[in-house]
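Trainee: My structure file input_27.cif, mmCIF, C-alpha atoms, is below:
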data_run
loop_
_atom_site.group_PDB
_atom_site.id
_atom_site.type_symbol
_atom_site.label_atom_id
_atom_site.label_comp_id
_atom_site.auth_asym_id
_atom_site.auth_seq_id
_atom_site.Cartn_x
_atom_site.Cartn_y
_atom_site.Cartn_z
ATOM 1 C CA MET A 5 -3.652 -0.462 -10.622
ATOM 2 C CA SER A 6 -5.368 1.781 -13.084
ATOM 3 C CA GLU A 7 -4.763 5.475 -12.599
ATOM 4 C CA GLY A 8 -8.424 6.308 -12.110
ATOM 5 C CA ARG A 9 -8.791 3.964 -9.150
ATOM 6 C CA TYR A 10 -6.039 5.382 -6.981
ATOM 7 C CA ALA A 11 -7.537 7.903 -4.568
ATOM 8 C CA PHE A 12 -4.270 9.790 -3.993
ATOM 9 C CA GLY A 13 -3.003 10.407 -7.524
ATOM 10 C CA ASP A 14 0.567 10.365 -8.872
ATOM 11 C CA SER A 15 1.705 13.967 -8.435
ATOM 12 C CA GLU A 16 4.936 15.082 -6.801
ATOM 13 C CA ILE A 17 3.009 15.528 -3.558
ATOM 14 C CA ALA A 18 1.611 12.001 -3.861
ATOM 15 C CA ALA A 19 5.146 10.706 -4.397
ATOM 16 C CA ALA A 20 6.345 12.527 -1.273
ATOM 17 C CA ARG A 21 3.496 10.917 0.671
ATOM 18 C CA LEU A 22 4.513 7.456 -0.562
ATOM 19 C CA ARG A 23 8.149 8.088 0.385
ATOM 20 C CA LEU A 24 7.101 9.029 3.919
ATOM 21 C CA ALA A 25 4.717 6.072 4.177
ATOM 22 C CA ALA A 26 7.426 3.674 3.010
ATOM 23 C CA ASN A 27 9.759 4.967 5.718
ATOM 24 C CA VAL A 28 7.069 4.736 8.400
ATOM 25 C CA PHE A 29 5.933 1.227 7.470
ATOM 26 C CA GLN A 30 9.314 -0.207 6.437
ATOM 27 C CA PRO A 31 9.770 -2.246 9.663
ATOM 28 C CA GLU A 32 6.468 -4.095 9.288
ATOM 29 C CA MET A 33 7.050 -4.621 5.545
ATOM 30 C CA GLU A 34 10.493 -6.058 6.237
ATOM 31 C CA ARG A 35 8.941 -8.313 8.875
ATOM 32 C CA LEU A 36 6.509 -9.761 6.335
ATOM 33 C CA ILE A 37 9.060 -10.132 3.538
ATOM 34 C CA GLY A 38 11.539 -11.664 5.968
ATOM 35 C CA ARG A 39 9.119 -14.501 6.702
ATOM 36 C CA ALA A 40 9.439 -15.724 3.100
ATOM 37 C CA PRO A 41 12.483 -17.730 1.945
ATOM 38 C CA SER A 42 15.329 -15.418 1.018
ATOM 39 C CA ARG A 43 16.869 -15.070 -2.443
ATOM 40 C CA PRO A 44 13.941 -16.073 -4.669
ATOM 41 C CA GLY A 45 14.737 -16.109 -8.357
ATOM 42 C CA SER A 46 12.337 -13.237 -9.029
ATOM 43 C CA ALA A 47 10.200 -10.895 -6.929
ATOM 44 C CA TYR A 48 7.638 -8.377 -8.193
ATOM 45 C CA ASP A 49 6.310 -5.362 -6.304
ATOM 46 C CA LEU A 50 2.702 -4.804 -7.372
ATOM 47 C CA GLY A 51 1.608 -1.168 -7.553
ATOM 48 C CA CYS A 52 5.170 -0.038 -6.872
ATOM 49 C CA GLY A 53 4.552 3.713 -7.143
ATOM 50 C CA PRO A 54 7.851 5.643 -7.325
ATOM 51 C CA GLY A 55 9.823 2.584 -6.225
ATOM 52 C CA HIS A 56 10.290 2.956 -2.466
ATOM 53 C CA THR A 57 8.598 -0.357 -1.634
ATOM 54 C CA THR A 58 10.383 -2.075 -4.519
ATOM 55 C CA ARG A 59 13.744 -1.211 -3.052
ATOM 56 C CA ILE A 60 12.587 -2.584 0.306
ATOM 57 C CA VAL A 61 11.609 -5.854 -1.411
ATOM 58 C CA ALA A 62 14.979 -6.023 -3.154
ATOM 59 C CA GLY A 63 16.959 -5.261 -0.019
ATOM 60 C CA THR A 64 15.043 -7.687 2.207
ATOM 61 C CA ALA A 65 14.279 -10.694 -0.044
ATOM 62 C CA ARG A 66 17.481 -10.302 -2.108
ATOM 63 C CA PRO A 67 16.007 -11.895 -5.234
ATOM 64 C CA GLY A 68 17.944 -12.472 -8.408
ATOM 65 C CA ARG A 69 15.545 -10.145 -10.222
ATOM 66 C CA THR A 70 13.232 -7.488 -8.767
ATOM 67 C CA VAL A 71 10.524 -5.805 -10.840
ATOM 68 C CA GLY A 72 8.243 -2.947 -9.819
ATOM 69 C CA LEU A 73 4.946 -2.746 -11.711
ATOM 70 C CA ASP A 74 2.686 0.306 -11.781
ATOM 71 C CA THR A 75 0.218 1.830 -14.222
ATOM 72 C CA SER A 76 1.505 5.369 -13.641
ATOM 73 C CA LYS A 77 4.074 6.429 -16.214
ATOM 74 C CA ARG A 78 5.046 9.330 -13.947
ATOM 75 C CA PHE A 79 5.736 7.049 -10.989
ATOM 76 C CA ILE A 80 7.723 4.621 -13.148
ATOM 77 C CA GLU A 81 9.896 7.482 -14.390
ATOM 78 C CA MET A 82 10.494 8.595 -10.783
ATOM 79 C CA ALA A 83 11.422 5.035 -9.786
ATOM 80 C CA ARG A 84 13.857 4.649 -12.688
ATOM 81 C CA ALA A 85 15.526 7.915 -11.663
ATOM 82 C CA GLN A 86 16.782 6.122 -8.521
ATOM 83 C CA PRO A 87 18.419 2.996 -9.977
ATOM 84 C CA MET A 88 19.370 -0.009 -7.858
ATOM 85 C CA ALA A 89 21.303 -3.046 -9.045
ATOM 86 C CA GLY A 90 19.040 -5.904 -10.097
ATOM 87 C CA VAL A 91 15.876 -3.760 -9.973
ATOM 88 C CA GLU A 92 13.752 -2.735 -12.949
ATOM 89 C CA TYR A 93 10.418 -0.976 -13.384
ATOM 90 C CA LEU A 94 7.674 -1.606 -15.933
ATOM 91 C CA GLU A 95 4.550 0.393 -16.685
ATOM 92 C CA HIS A 96 1.683 -2.090 -16.357
ATOM 93 C CA ASP A 97 -1.791 -2.320 -14.812
ATOM 94 C CA VAL A 98 -1.383 -5.104 -12.241
ATOM 95 C CA THR A 99 -5.047 -6.079 -12.548
ATOM 96 C CA LEU A 100 -4.259 -7.292 -16.067
ATOM 97 C CA THR A 101 -2.520 -10.615 -16.648
ATOM 98 C CA PRO A 102 -0.255 -12.051 -17.817
ATOM 99 C CA PHE A 103 2.421 -9.758 -16.455
ATOM 100 C CA PRO A 104 4.941 -8.540 -19.061
ATOM 101 C CA CYS A 105 7.833 -9.942 -17.012
ATOM 102 C CA GLY A 106 6.583 -13.544 -16.828
ATOM 103 C CA PRO A 107 5.762 -15.622 -13.727
ATOM 104 C CA ALA A 108 7.409 -14.823 -10.381
ATOM 105 C CA ASP A 109 8.657 -16.710 -7.362
ATOM 106 C CA LEU A 110 7.382 -13.973 -5.051
ATOM 107 C CA LEU A 111 4.739 -11.260 -5.406
ATOM 108 C CA PHE A 112 4.438 -8.425 -2.883
ATOM 109 C CA SER A 113 1.408 -6.169 -2.423
ATOM 110 C CA HIS A 114 1.325 -3.349 0.140
ATOM 111 C CA PHE A 115 -1.629 -0.936 0.548
ATOM 112 C CA LEU A 116 -2.928 -1.992 -2.891
ATOM 113 C CA LEU A 117 -6.063 -4.128 -2.434
ATOM 114 C CA SER A 118 -7.716 -1.229 -0.615
ATOM 115 C CA HIS A 119 -7.742 0.681 -3.920
ATOM 116 C CA LEU A 120 -9.141 -2.101 -6.113
ATOM 117 C CA PRO A 121 -12.888 -2.486 -6.698
ATOM 118 C CA ASP A 122 -12.665 -6.285 -7.024
ATOM 119 C CA PRO A 123 -9.910 -7.725 -4.802
ATOM 120 C CA ARG A 124 -11.023 -11.339 -5.323
ATOM 121 C CA THR A 125 -10.584 -11.139 -9.083
ATOM 122 C CA ALA A 126 -7.200 -9.431 -8.642
ATOM 123 C CA LEU A 127 -6.021 -12.106 -6.214
ATOM 124 C CA THR A 128 -7.065 -14.905 -8.566
ATOM 125 C CA ALA A 129 -5.143 -13.216 -11.372
ATOM 126 C CA TRP A 130 -2.056 -12.718 -9.195
ATOM 127 C CA MET A 131 -1.992 -16.346 -8.066
ATOM 128 C CA SER A 132 -1.893 -17.327 -11.746
ATOM 129 C CA GLN A 133 1.325 -15.309 -12.134
ATOM 130 C CA LEU A 134 3.294 -17.329 -9.595
ATOM 131 C CA ARG A 135 5.627 -20.174 -10.402
ATOM 132 C CA PRO A 136 4.782 -23.527 -8.741
ATOM 133 C CA SER A 137 4.963 -23.117 -4.939
ATOM 134 C CA GLY A 138 5.583 -19.379 -5.375
ATOM 135 C CA LEU A 139 4.432 -16.964 -2.663
ATOM 136 C CA LEU A 140 2.085 -13.980 -2.642
ATOM 137 C CA LEU A 141 2.669 -11.591 0.276
ATOM 138 C CA LEU A 142 -0.235 -9.301 1.158
ATOM 139 C CA ASP A 143 -0.027 -6.354 3.549
ATOM 140 C CA GLU A 144 -3.229 -4.351 4.108
ATOM 141 C CA VAL A 145 -4.851 -2.137 6.718
ATOM 142 C CA SER A 146 -7.393 -3.970 8.856
ATOM 143 C CA ASP A 147 -7.915 -1.266 11.500
ATOM 144 C CA ILE A 148 -6.550 2.080 12.570
ATOM 145 C CA TRP A 149 -7.008 2.661 16.289
ATOM 146 C CA THR A 150 -7.030 6.191 17.642
ATOM 147 C CA THR A 151 -8.970 8.365 20.052
ATOM 148 C CA HIS A 152 -7.385 11.591 18.823
ATOM 149 C CA PRO A 153 -10.267 13.777 17.563
ATOM 150 C CA VAL A 154 -8.320 15.231 14.626
ATOM 151 C CA PHE A 155 -7.218 11.802 13.415
ATOM 152 C CA MET A 156 -10.741 10.436 13.850
ATOM 153 C CA ARG A 157 -12.170 13.223 11.697
ATOM 154 C CA TYR A 158 -9.521 12.681 9.057
ATOM 155 C CA LEU A 159 -10.092 8.906 8.950
ATOM 156 C CA GLU A 160 -13.821 9.410 8.476
ATOM 157 C CA MET A 161 -13.014 11.608 5.480
ATOM 158 C CA VAL A 162 -10.433 9.296 3.916
ATOM 159 C CA GLU A 163 -12.714 6.275 4.209
ATOM 160 C CA ARG A 164 -15.359 8.140 2.209
ATOM 161 C CA VAL A 165 -12.811 9.233 -0.418
ATOM 162 C CA VAL A 166 -11.410 5.722 -0.910
ATOM 163 C CA ASP A 167 -14.931 4.297 -1.042
ATOM 164 C CA ALA A 168 -15.943 6.849 -3.690
ATOM 165 C CA ALA A 169 -12.930 5.787 -5.780
ATOM 166 C CA GLY A 170 -14.168 2.178 -5.684
ATOM 167 C CA GLY A 171 -11.898 0.903 -2.921
ATOM 168 C CA GLN A 172 -12.109 -0.148 0.724
ATOM 169 C CA LEU A 173 -9.808 1.528 3.241
ATOM 170 C CA TYR A 174 -9.869 -1.429 5.636
ATOM 171 C CA ALA A 175 -9.327 -4.140 3.040
ATOM 172 C CA GLY A 176 -7.433 -6.251 5.559
ATOM 173 C CA LYS A 177 -10.708 -7.066 7.333
ATOM 174 C CA THR A 178 -11.928 -9.224 4.447
ATOM 175 C CA MET A 179 -8.598 -10.286 2.938
ATOM 176 C CA GLU A 180 -8.545 -13.846 4.279
ATOM 177 C CA ARG A 181 -11.955 -14.567 2.755
ATOM 178 C CA ALA A 182 -10.901 -12.972 -0.534
ATOM 179 C CA VAL A 183 -7.780 -15.144 -0.624
ATOM 180 C CA ALA A 184 -9.827 -18.279 0.034
ATOM 181 C CA ASP A 185 -12.181 -17.341 -2.813
ATOM 182 C CA SER A 186 -9.195 -16.912 -5.123
ATOM 183 C CA ALA A 187 -8.065 -20.505 -4.496
ATOM 184 C CA GLY A 188 -4.921 -19.350 -2.724
ATOM 185 C CA ASP A 189 -3.442 -21.616 -0.056
ATOM 186 C CA ILE A 190 -2.951 -19.475 3.085
ATOM 187 C CA VAL A 191 0.390 -20.285 4.678
ATOM 188 C CA SER A 192 0.019 -17.735 7.455
ATOM 189 C CA SER A 193 -2.182 -14.822 8.482
ATOM 190 C CA GLU A 194 -1.327 -12.367 11.246
ATOM 191 C CA LEU A 195 -2.674 -9.076 12.525
ATOM 192 C CA VAL A 196 0.356 -6.917 13.270
ATOM 193 C CA GLU A 197 0.016 -3.781 15.388
ATOM 194 C CA HIS A 198 2.186 -0.955 14.069
ATOM 195 C CA PRO A 199 2.225 2.200 16.233
ATOM 196 C CA VAL A 200 3.009 5.453 14.431
ATOM 197 C CA SER A 201 4.061 8.660 16.128
ATOM 198 C CA THR A 202 1.559 11.499 16.148
ATOM 199 C CA ALA A 203 3.918 13.719 14.144
ATOM 200 C CA GLN A 204 4.442 11.054 11.440
ATOM 201 C CA ALA A 205 0.732 10.318 11.151
ATOM 202 C CA ALA A 206 -0.056 14.023 10.924
ATOM 203 C CA ALA A 207 2.569 14.457 8.191
ATOM 204 C CA MET A 208 1.162 11.566 6.105
ATOM 205 C CA PHE A 209 -2.402 12.776 6.507
ATOM 206 C CA ARG A 210 -1.409 16.354 5.709
ATOM 207 C CA LEU A 211 0.167 15.268 2.418
ATOM 208 C CA ASN A 212 -3.007 13.368 1.544
ATOM 209 C CA LEU A 213 -5.049 16.524 2.037
ATOM 210 C CA ALA A 214 -2.687 18.390 -0.285
ATOM 211 C CA VAL A 215 -3.287 15.686 -2.910
ATOM 212 C CA TRP A 216 -7.048 15.917 -2.443
ATOM 213 C CA ARG A 217 -6.972 19.541 -3.570
ATOM 214 C CA GLU A 218 -5.873 18.182 -6.975
ATOM 215 C CA THR A 219 -8.202 15.150 -7.081
ATOM 216 C CA PRO A 220 -11.749 15.563 -8.490
ATOM 217 C CA THR A 221 -13.047 12.505 -6.611
ATOM 218 C CA ALA A 222 -11.927 13.894 -3.260
ATOM 219 C CA GLN A 223 -13.180 17.381 -4.064
ATOM 220 C CA ALA A 224 -16.634 15.961 -4.737
ATOM 221 C CA ILE A 225 -16.698 14.206 -1.363
ATOM 222 C CA VAL A 226 -14.965 16.616 1.020
ATOM 223 C CA PRO A 227 -15.695 20.362 0.940
ATOM 224 C CA ALA A 228 -12.651 22.569 0.434
ATOM 225 C CA ALA A 229 -13.390 24.353 3.714
ATOM 226 C CA SER A 230 -13.266 21.045 5.615
ATOM 227 C CA ILE A 231 -9.973 20.130 3.972
ATOM 228 C CA ALA A 232 -8.480 23.495 4.926
ATOM 229 C CA GLU A 233 -9.730 23.234 8.514
ATOM 230 C CA ILE A 234 -8.362 19.783 9.223
ATOM 231 C CA ALA A 235 -5.119 20.618 7.389
ATOM 232 C CA CYS A 236 -4.593 23.462 9.845
ATOM 233 C CA GLU A 237 -5.247 21.124 12.778
ATOM 234 C CA LEU A 238 -2.785 18.559 11.407
ATOM 235 C CA ASP A 239 -0.165 21.272 10.989
ATOM 236 C CA GLY A 240 -0.535 21.903 14.708
ATOM 237 C CA LEU A 241 0.496 18.294 15.401
ATOM 238 C CA ALA A 242 3.684 18.420 13.321
ATOM 239 C CA GLU A 243 5.917 18.973 16.364
ATOM 240 C CA SER A 244 4.109 16.563 18.685
ATOM 241 C CA SER A 245 6.330 14.189 20.666
ATOM 242 C CA SER A 246 3.562 11.670 21.402
ATOM 243 C CA ASP A 247 4.036 8.049 20.309
ATOM 244 C CA HIS A 248 0.838 6.430 21.580
ATOM 245 C CA GLU A 249 -2.103 8.175 19.916
ATOM 246 C CA ILE A 250 -2.552 6.098 16.745
ATOM 247 C CA VAL A 251 -1.870 2.467 15.803
ATOM 248 C CA TRP A 252 -2.284 0.695 12.479
ATOM 249 C CA GLY A 253 -3.522 -2.894 12.512
ATOM 250 C CA MET A 254 -1.934 -4.542 9.467
ATOM 251 C CA ARG A 255 -3.256 -7.872 8.193
ATOM 252 C CA GLN A 256 -0.302 -9.778 6.755
ATOM 253 C CA VAL A 257 -1.169 -12.858 4.705
ATOM 254 C CA ILE A 258 1.189 -15.229 2.881
ATOM 255 C CA CYS A 259 -0.344 -17.431 0.148
ATOM 256 C CA ARG A 260 1.354 -20.272 -1.716
ATOM 257 C CA ALA A 261 0.654 -21.360 -5.282
ATOM 258 C CA ALA A 262 0.099 -25.026 -6.003
ATOM 259 C CA PRO A 263 3.268 -27.130 -6.403
ATOM 260 C CA ALA A 264 4.280 -28.504 -9.781
ATOM 261 C CA ALA A 265 2.196 -31.490 -10.859
#
Any chance you could give the structure as structure tokens?
Mentor:
Amino acid sequence: MSEGRYAFGDSEIAAARLRLAANVFQPEMERLIGRAPSRPGSAYDLGCGPGHTTRIVAGTARPGRTVGLDTSKRFIEMARAQPMAGVEYLEHDVTLTPFPCGPADLLFSHFLLSHLPDPRTALTAWMSQLRPSGLLLLDEVSDIWTTHPVFMRYLEMVERVVDAAGGQLYAGKTMERAVADSAGDIVSSELVEHPVSTAQAAAMFRLNLAVWRETPTAQAIVPAASIAEIACELDGLAESSSDHEIVWGMRQVICRAAPAA
């Protein structure tokens, strides 16, 4: 994705947030990747950030070649600093095709469509980068269920910030329609409930607030005093032992490219 579209930036704090998010959501990512045939010839992680999700793709799908693509030079450098056999990283805007690494057998996208202003166009472009009968795996937020007042306030804020950056926080709600418009053949579509502990959710949200202090888009939407207030409330949840106060609803869609003529 292009740097200006990502609501959370590519600072060290943003990288720490992505590392935590990858750990929290690894089980549901592995579930999605595991539903595709193992050992594809090549697998690309779209919007790979500092490489955490790329390593999950490599370890789960076990492709012959794994490539992480991201527009952030800083993130690519971070990813390359943690090498893994068979994995490479390229600086590239994934909304632009063709990809510099050629067509793939498998494409993986996690928490990416929510940051793109035109998901349908992106999906059409991605489908064109698959080999015949190749698979596109999409993993996006459809809902986040919580009755915790602090989390509800935070989610209201983050939805406004993502919207102001040209994205849609709950991109999973409209993903099936977007895939159909992109001429992708939907193999499967599931809504997966992924509970997150209160302490983990508070930690992820707290890191986002730290990023917002450095992001002009967020600063224009959320007053600094509001950021400081909710940050303090999230800090108070850091030691919580509750496991039932917030649940992510992840829409997982697998699309297949047309077979060879």
Trainee: Find the residues around stretch 228-244 of chain A up to 8 Å (all atoms listed in the file counted), leave out those fewer than 3 positions away in its own chain, and share them as a PyMOL selection string.
Mentor: chain A and resi 154+157-158+202-204+206-207+209-210+213+217+223
Trainee: Next, dump the selected residues to file, keeping only C-alpha atoms, as a short mmCIF file (atom, residue, chain, number, x, y, z; two decimals), in the frame of the given file.
Mentor:
data_model
loop_
_atom_site.label_atom_id
_atom_site.label_comp_id
_atom_site.auth_asym_id
_atom_site.auth_seq_id
_atom_site.Cartn_x
_atom_site.Cartn_y
_atom_site.Cartn_z
CA VAL A 154 -8.32 15.23 14.63
CA ARG A 157 -12.17 13.22 11.70
CA TYR A 158 -9.52 12.68 9.06
CA THR A 202 1.56 11.50 16.15
CA ALA A 203 3.92 13.72 14.14
CA GLN A 204 4.44 11.05 11.44
CA ALA A 206 -0.06 14.02 10.92
CA ALA A 207 2.57 14.46 8.19
CA PHE A 209 -2.40 12.78 6.51
CA ARG A 210 -1.41 16.35 5.71
CA LEU A 213 -5.05 16.52 2.04
CA ARG A 217 -6.97 19.54 -3.57
CA GLN A 223 -13.18 17.38 -4.06
#
Trainee: Using all atoms listed in the file, list the residues that have an atom at most 6 Å from (15.5, 1.1, -6.1), coordinates as in the file, as a list in words.
Mentor: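 Within 6 Å of (15.5, 1.1, -6.1), the protein and nucleic acid residues are Gly55, Arg59, Gln86, Pro87 and Met88 of chain A.
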Trainee: To test your reading of the syntax: which residues would the PyMOL selection byres ((chain A and resi 60) around 9) return for the file shown? Reply as a ChimeraX atom specification.
Mentor: /A:26,30,33-34,37,55-59,61-65
Trainee: Restricting it to C-alpha atoms, dump the selection as a compact mmCIF listing (two decimals), in the coordinates of the input.
Mentor:
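Output file out-v7.txt follows:
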# COMPACT_ATOMS: atom_id res chain seq x y z
CA ALA A 26 7.43 3.67 3.01
CA GLN A 30 9.31 -0.21 6.44
CA MET A 33 7.05 -4.62 5.54
CA GLU A 34 10.49 -6.06 6.24
CA ILE A 37 9.06 -10.13 3.54
CA GLY A 55 9.82 2.58 -6.22
CA HIS A 56 10.29 2.96 -2.47
CA THR A 57 8.60 -0.36 -1.63
CA THR A 58 10.38 -2.08 -4.52
CA ARG A 59 13.74 -1.21 -3.05
CA VAL A 61 11.61 -5.85 -1.41
CA ALA A 62 14.98 -6.02 -3.15
CA GLY A 63 16.96 -5.26 -0.02
CA THR A 64 15.04 -7.69 2.21
CA ALA A 65 14.28 -10.69 -0.04
Trainee: Need the axis-aligned box for stretch 62-79 of chain A with 8 Å each side, so what are the centre and edges in Å to one decimal, as JSON?
Mentor:
{"center_x": 9.1, "center_y": -1.6, "center_z": -7.0, "size_x": 33.7, "size_y": 37.8, "size_z": 34.4}
Trainee: So, with all atoms listed in the file as the atoms that count, which of A:Ser118, A:Thr125, A:Gln256, A:Thr150 lies closest to A:Tyr174?
Mentor: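 Among the listed residues, the smallest separation from A:Tyr174 belongs to A:Ser118.
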Trainee: Mind dumping a table of every stretch 116-221 of chain A residue within 12 Å of stretch 41-44 of chain A, with the nearest atom pair and its distance in Å to one decimal, using all atoms listed in the file, sorted by chain and rising number, as a tab-separated table?
Mentor:
residue	atom	partner	partner_atom	distance
A:Leu134	CA	A:Pro44	CA	11.8
A:Arg135	CA	A:Pro44	CA	10.9
A:Ser137	CA	A:Pro44	CA	11.4
A:Gly138	CA	A:Pro44	CA	9.0
A:Leu139	CA	A:Pro41	CA	9.3
A:Leu140	CA	A:Pro41	CA	12.0
A:Leu141	CA	A:Pro41	CA	11.7
Trainee: Give as a PyMOL selection string the residues that the PyMOL selection byres ((chain A and resi 94) around 12) matches when applied to the coordinates above.
Mentor: chain A and resi 48-55+58+70-84+91-93+95-98+103-105
Trainee: Under the rule that all atoms listed in the file are counted, which of A:Val183, A:Ala265, A:Val251, A:Met208 is the nearest residue to A:Trp149?
Mentor: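 Of A:Val183, A:Ala265, A:Val251, A:Met208, the one nearest A:Trp149 is A:Val251, counting all atoms listed in the file.
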Trainee: Go through A:Ile225, A:Asn212, A:Ala262, A:Asp147 and flag the residue nearest A:Asp167, using all atoms listed in the file for the distances.
Mentor: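 For A:Asp167, the nearest of the given residues is A:Ile225.
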Trainee: Atom CA of A:Trp252 and atom CA of A:Met131, how far apart in Å?
Mentor: 26.7 Å
Trainee: With distances taken over only C-alpha atoms, which residue among A:Ala40, A:Val200, A:Ala89, A:Met156 lies nearest A:Ala25?
Mentor: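 The closest residue to A:Ala25 is A:Val200.
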